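For reference, coords.cif (mmCIF, C-alpha atoms):
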data_model
loop_
_atom_site.label_atom_id
_atom_site.label_comp_id
_atom_site.auth_asym_id
_atom_site.auth_seq_id
_atom_site.Cartn_x
_atom_site.Cartn_y
_atom_site.Cartn_z
CA MET A 289 0.00 0.00 0.00
CA ARG A 290 2.81 2.38 0.80
CA ARG A 291 4.29 1.94 -2.68
CA ARG A 292 0.99 2.82 -4.34
CA THR A 293 0.82 6.02 -2.28
CA PHE A 294 4.35 6.93 -3.35
CA LEU A 295 3.61 6.36 -7.02
CA THR A 296 0.42 8.38 -6.82
CA SER A 297 2.28 11.23 -5.11
CA ALA A 298 4.98 11.14 -7.78
CA VAL A 299 2.41 11.33 -10.56
CA VAL A 300 0.58 14.21 -8.87
CA ALA A 301 3.87 16.08 -8.37
CA ALA A 302 4.84 15.60 -12.01
CA LEU A 303 1.47 16.77 -13.27
CA SER A 304 1.47 19.82 -11.02
CA ALA A 305 4.97 20.87 -12.10
CA GLY A 306 3.53 22.99 -14.90
CA PRO A 307 2.50 22.58 -18.50
CA ALA A 308 4.45 20.05 -20.56
CA PHE A 309 5.68 22.74 -22.95
CA ALA A 310 7.36 24.57 -20.04
CA ARG A 311 9.64 21.61 -19.25
CA SER A 312 12.61 20.42 -21.29
CA PRO A 313 11.32 17.80 -23.71
CA PHE A 314 14.17 15.31 -23.33
CA LEU A 315 15.50 13.33 -20.41
CA LEU A 316 19.07 13.14 -21.69
CA GLN A 317 20.77 9.74 -21.62
CA ASP A 318 24.20 9.41 -20.08
CA PRO A 319 25.97 7.94 -21.88
CA PRO A 320 24.39 8.54 -25.31
CA GLN A 321 23.17 5.33 -26.95
CA PRO A 322 24.16 3.81 -30.31
CA LEU A 323 21.57 4.24 -33.01
CA LEU A 324 20.81 2.36 -36.21
CA SER A 325 20.10 4.38 -39.32
CA PRO A 326 17.51 3.27 -41.81
CA PRO A 327 17.97 4.55 -45.34
CA PHE A 328 15.68 7.45 -46.21
CA GLN A 329 15.26 9.81 -49.16
CA ASP A 330 15.45 13.57 -49.54
CA ARG A 331 13.25 15.60 -51.88
CA LYS A 332 15.53 14.74 -54.83
CA ALA A 333 15.06 11.01 -54.04
CA ARG A 334 18.72 10.68 -52.99
CA GLU A 335 19.27 7.95 -50.43
CA LEU A 336 20.58 9.25 -47.11
CA LYS A 337 21.58 7.87 -43.72
CA LEU A 338 22.07 9.63 -40.41
CA SER A 339 25.83 9.58 -41.04
CA ASP A 340 25.17 12.20 -43.75
CA PHE A 341 24.49 14.61 -40.87
CA ALA A 342 27.67 13.76 -38.91
CA GLY A 343 29.06 16.77 -37.10
CA GLN A 344 25.59 18.25 -36.54
CA VAL A 345 23.16 17.89 -33.67
CA VAL A 346 20.02 16.43 -35.25
CA LEU A 347 16.42 16.55 -34.11
CA LEU A 348 15.00 13.56 -35.99
CA ASN A 349 11.21 13.46 -36.12
CA VAL A 350 9.35 10.38 -37.40
CA TRP A 351 5.87 11.42 -38.54
CA ALA A 352 3.05 10.93 -41.06
CA THR A 353 0.52 13.25 -42.68
CA TRP A 354 -2.37 11.06 -41.45
CA CYS A 355 -1.27 11.47 -37.80
CA PRO A 356 -3.14 14.37 -36.09
CA PRO A 357 -0.48 15.04 -33.40
CA CYS A 358 2.21 15.00 -36.12
CA ARG A 359 0.28 17.57 -38.14
CA GLU A 360 -0.12 19.68 -34.99
CA GLU A 361 3.60 19.92 -34.26
CA MET A 362 4.95 20.48 -37.80
CA PRO A 363 4.67 24.30 -37.71
CA ALA A 364 6.71 24.33 -34.46
CA LEU A 365 9.37 22.10 -36.05
CA ASP A 366 9.46 24.47 -39.03
CA ALA A 367 9.92 27.45 -36.69
CA LEU A 368 12.69 25.61 -34.78
CA GLN A 369 14.51 24.82 -38.03
CA ASP A 370 14.18 28.46 -39.07
CA ARG A 371 15.52 29.66 -35.72
CA LEU A 372 18.42 27.23 -35.08
CA SER A 373 19.43 25.71 -38.41
CA GLY A 374 23.00 26.07 -39.55
CA PRO A 375 26.20 24.06 -39.73
CA ASP A 376 25.70 22.75 -36.16
CA PHE A 377 22.02 21.79 -36.16
CA ALA A 378 19.31 20.31 -38.39
CA VAL A 379 15.73 19.18 -37.99
CA VAL A 380 15.24 15.99 -40.01
CA PRO A 381 11.53 15.10 -40.26
CA ILE A 382 11.23 11.64 -41.82
CA SER A 383 7.73 10.92 -43.09
CA ILE A 384 6.61 7.30 -43.21
CA ASP A 385 3.60 8.00 -45.45
CA ARG A 386 2.76 5.42 -48.08
CA GLY A 387 2.37 8.34 -50.51
CA GLY A 388 6.10 9.05 -50.24
CA LEU A 389 7.63 12.43 -50.97
CA ASP A 390 4.58 13.56 -52.96
CA ALA A 391 2.41 13.30 -49.83
CA VAL A 392 5.02 15.27 -47.86
CA GLY A 393 5.14 18.00 -50.50
CA ARG A 394 1.35 18.36 -50.63
CA PHE A 395 1.15 18.56 -46.85
CA TYR A 396 3.97 21.14 -46.58
CA ASP A 397 2.26 23.28 -49.23
CA GLU A 398 -1.13 22.91 -47.52
CA ILE A 399 0.03 24.22 -44.14
CA GLY A 400 2.82 26.56 -45.27
CA ILE A 401 5.96 24.72 -44.15
CA ARG A 402 8.87 26.83 -45.45
CA THR A 403 12.19 25.72 -43.93
CA LEU A 404 11.97 21.99 -43.17
CA GLY A 405 13.60 19.52 -45.50
CA ARG A 406 11.46 16.87 -47.15
CA TYR A 407 12.43 13.35 -46.17
CA TRP A 408 10.71 10.00 -46.56
CA GLY A 409 11.51 6.51 -45.36
CA GLU A 410 9.86 3.13 -45.71
CA ASP A 411 7.46 2.71 -42.79
CA LEU A 412 8.62 -0.66 -41.43
CA ARG A 413 12.35 -0.05 -41.95
CA VAL A 414 12.23 3.30 -40.15
CA LYS A 415 10.12 2.00 -37.26
CA LEU A 416 12.27 -1.08 -36.69
CA ALA A 417 15.66 0.62 -37.03
CA LEU A 418 14.72 3.49 -34.72
CA ALA A 419 12.47 1.48 -32.35
CA VAL A 420 9.48 3.73 -33.04
CA PHE A 421 6.29 2.61 -31.30
CA GLY A 422 4.13 5.72 -31.66
CA LEU A 423 3.87 8.86 -33.75
CA PRO A 424 5.28 11.37 -33.65
CA THR A 425 8.56 10.12 -32.17
CA THR A 426 11.43 12.59 -31.95
CA LEU A 427 15.05 11.73 -31.24
CA LEU A 428 17.82 14.12 -30.25
CA ILE A 429 21.05 12.91 -31.83
CA ASP A 430 24.55 14.15 -31.01
CA ARG A 431 27.29 15.09 -33.48
CA LYS A 432 28.58 11.49 -33.47
CA GLY A 433 25.19 10.00 -34.40
CA MET A 434 24.40 8.77 -30.87
CA GLU A 435 20.95 9.08 -29.33
CA LEU A 436 20.79 11.59 -26.50
CA GLY A 437 17.06 11.24 -25.85
CA ARG A 438 13.65 10.64 -27.35
CA VAL A 439 10.10 11.74 -26.81
CA ILE A 440 6.84 10.31 -28.11
CA GLY A 441 4.04 12.74 -28.83
CA PRO A 442 3.77 16.35 -29.97
CA ILE A 443 5.98 19.01 -28.40
CA LYS A 444 6.06 22.77 -28.81
CA TRP A 445 9.51 22.63 -30.41
CA ASP A 446 9.77 26.39 -30.83
CA GLY A 447 8.91 27.00 -27.15
CA ASP A 448 11.48 28.40 -24.73
CA ALA A 449 12.16 25.13 -22.87
CA ALA A 450 12.81 23.10 -26.02
CA VAL A 451 14.95 25.81 -27.64
CA ARG A 452 16.98 26.24 -24.43
CA GLN A 453 17.66 22.50 -24.11
CA ILE A 454 18.60 22.04 -27.77
CA THR A 455 20.79 25.17 -27.72
CA ARG A 456 22.67 23.77 -24.70
CA VAL A 457 23.25 20.47 -26.54
CA ILE A 458 24.50 22.34 -29.63
CA ALA A 459 26.87 24.37 -27.43
CA GLY A 460 28.09 21.19 -25.75
CA THR A 461 27.09 22.27 -22.24
#

Kindly return the structure encoded in the file as structure tokens.
Amino acid sequence: MRRRTFLTSAVVAALSAGPAFARSPFLLQDPPQPLLSPPFQDRKARELKLSDFAGQVVLLNVWATWCPPCREEMPALDALQDRLSGPDFAVVPISIDRGGLDAVGRFYDEIGIRTLGRYWGEDLRVKLALAVFGLPTTLLIDRKGMELGRVIGPIKWDGDAAVRQITRVIAGT
């Protein structure tokens, strides 16, 4: 009985700590974990792997146009890319839509996505390689291609807490 009380208290404390968007999105892993890379395509249908982003901190988002929470967070990912992109950081949103890059392009045009790259990967290969069990799933990847953390569900990526945490990772602090 005592354990149940403790768990309930912990849940209540976590929920009363403030809105989810006010907290850092990632619980960073120490040490970072190795990560497989499924092949995926860019908008020119070139095959890429995560190693193509070596030297950059990557926010990898696995999503689909048919996923309501994915659709909800795409504008925030676009704003984050616009704000932080450069030689040290990239947002890499990999769609797993059956419609491929055409579906991604139509969706981006529909909601006004301006700065995000267009990437697509085969559903099963992406899910298995990255151990994705729900959408959206977002991984924070260090400059060596190691997983620092992951979160399942939509996040306000352009919010202060997320930007602060990602900026610290980019700076190496």

- Item | Å distance separating CA of Gly447 in chain A from CA of Leu324 in chain A, one decimal place |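 CA of Leu324 in chain A lies at a distance of 28.8 Å from CA of Gly447 in chain A.
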
- Enumerate, as a list in words, the protein, DNA and RNA residues whose atoms approach (5.6, 21.5, -37.9) to within 10 Å, taking into account only C-alpha atoms and the coordinate frame of the file. Asn349, Pro357, Cys358, Arg359, Glu360, Glu361, Met362, Pro363, Ala364, Leu365, Asp366, Ala367, Leu368, Gln369, Pro381, Tyr396, Ile399, Gly400, Ile401, Arg402, Thr403, Leu404, Pro442, Ile443, Lys444, Trp445 and Asp446 of chain A

Determine, counting only C-alpha atoms, which protein, DNA and RNA residues have an atom within 7 Å of an atom of Lys432 in chain A; residues of the same chain fewer than 2 positions away are not included. Present the result as a compact mmCIF listing (two decimals) with C-alpha atoms, in the coordinates of the input.
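And here is the file that came out, result17.txt:
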# COMPACT_ATOMS: atom_id res chain seq x y z
CA ALA A 342 27.67 13.76 -38.91
CA GLY A 343 29.06 16.77 -37.10
CA ASP A 430 24.55 14.15 -31.01
CA MET A 434 24.40 8.77 -30.87

- Separation of CA of Asp411 in chain A and CA of Ile382 in chain A, in Å? 9.7 Å

- Min atom-atom distance to Arg311 in chain A from the set A:Gln453, A:Ser383, A:Ser325, A:Ser339, counting all atoms listed in the file, belongs to A:Gln453

Step by step, gather every atom of range 362-369 of chain A that the file lists, find the box along x, y and z that holds them, add 5 Å on each side, and finally give centre and edge lengths in Å to one decimal, as lines of an AutoDock Vina configuration file.
center_x = 9.6
center_y = 24.0
center_z = -36.7
size_x = 19.8
size_y = 17.0
size_z = 14.6

- Any chance you could resolve the PyMOL selection byres ((chain A and resi 439) around 8) against this file and give the residues as a VMD selection string? chain A and resid 313 to 314 425 to 427 437 to 438 440 to 441

Saved selection, atoms kept: C-alpha atoms, as an mmCIF file, in the coordinates of the input:
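Below is the file that was written, out.cif:
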data_model
loop_
_atom_site.group_PDB
_atom_site.id
_atom_site.type_symbol
_atom_site.label_atom_id
_atom_site.label_comp_id
_atom_site.auth_asym_id
_atom_site.auth_seq_id
_atom_site.Cartn_x
_atom_site.Cartn_y
_atom_site.Cartn_z
ATOM 1 C CA PRO A 313 11.320 17.800 -23.710
ATOM 2 C CA PHE A 314 14.170 15.310 -23.330
ATOM 3 C CA THR A 425 8.560 10.120 -32.170
ATOM 4 C CA THR A 426 11.430 12.590 -31.950
ATOM 5 C CA LEU A 427 15.050 11.730 -31.240
ATOM 6 C CA GLY A 437 17.060 11.240 -25.850
ATOM 7 C CA ARG A 438 13.650 10.640 -27.350
ATOM 8 C CA ILE A 440 6.840 10.310 -28.110
ATOM 9 C CA GLY A 441 4.040 12.740 -28.830
#
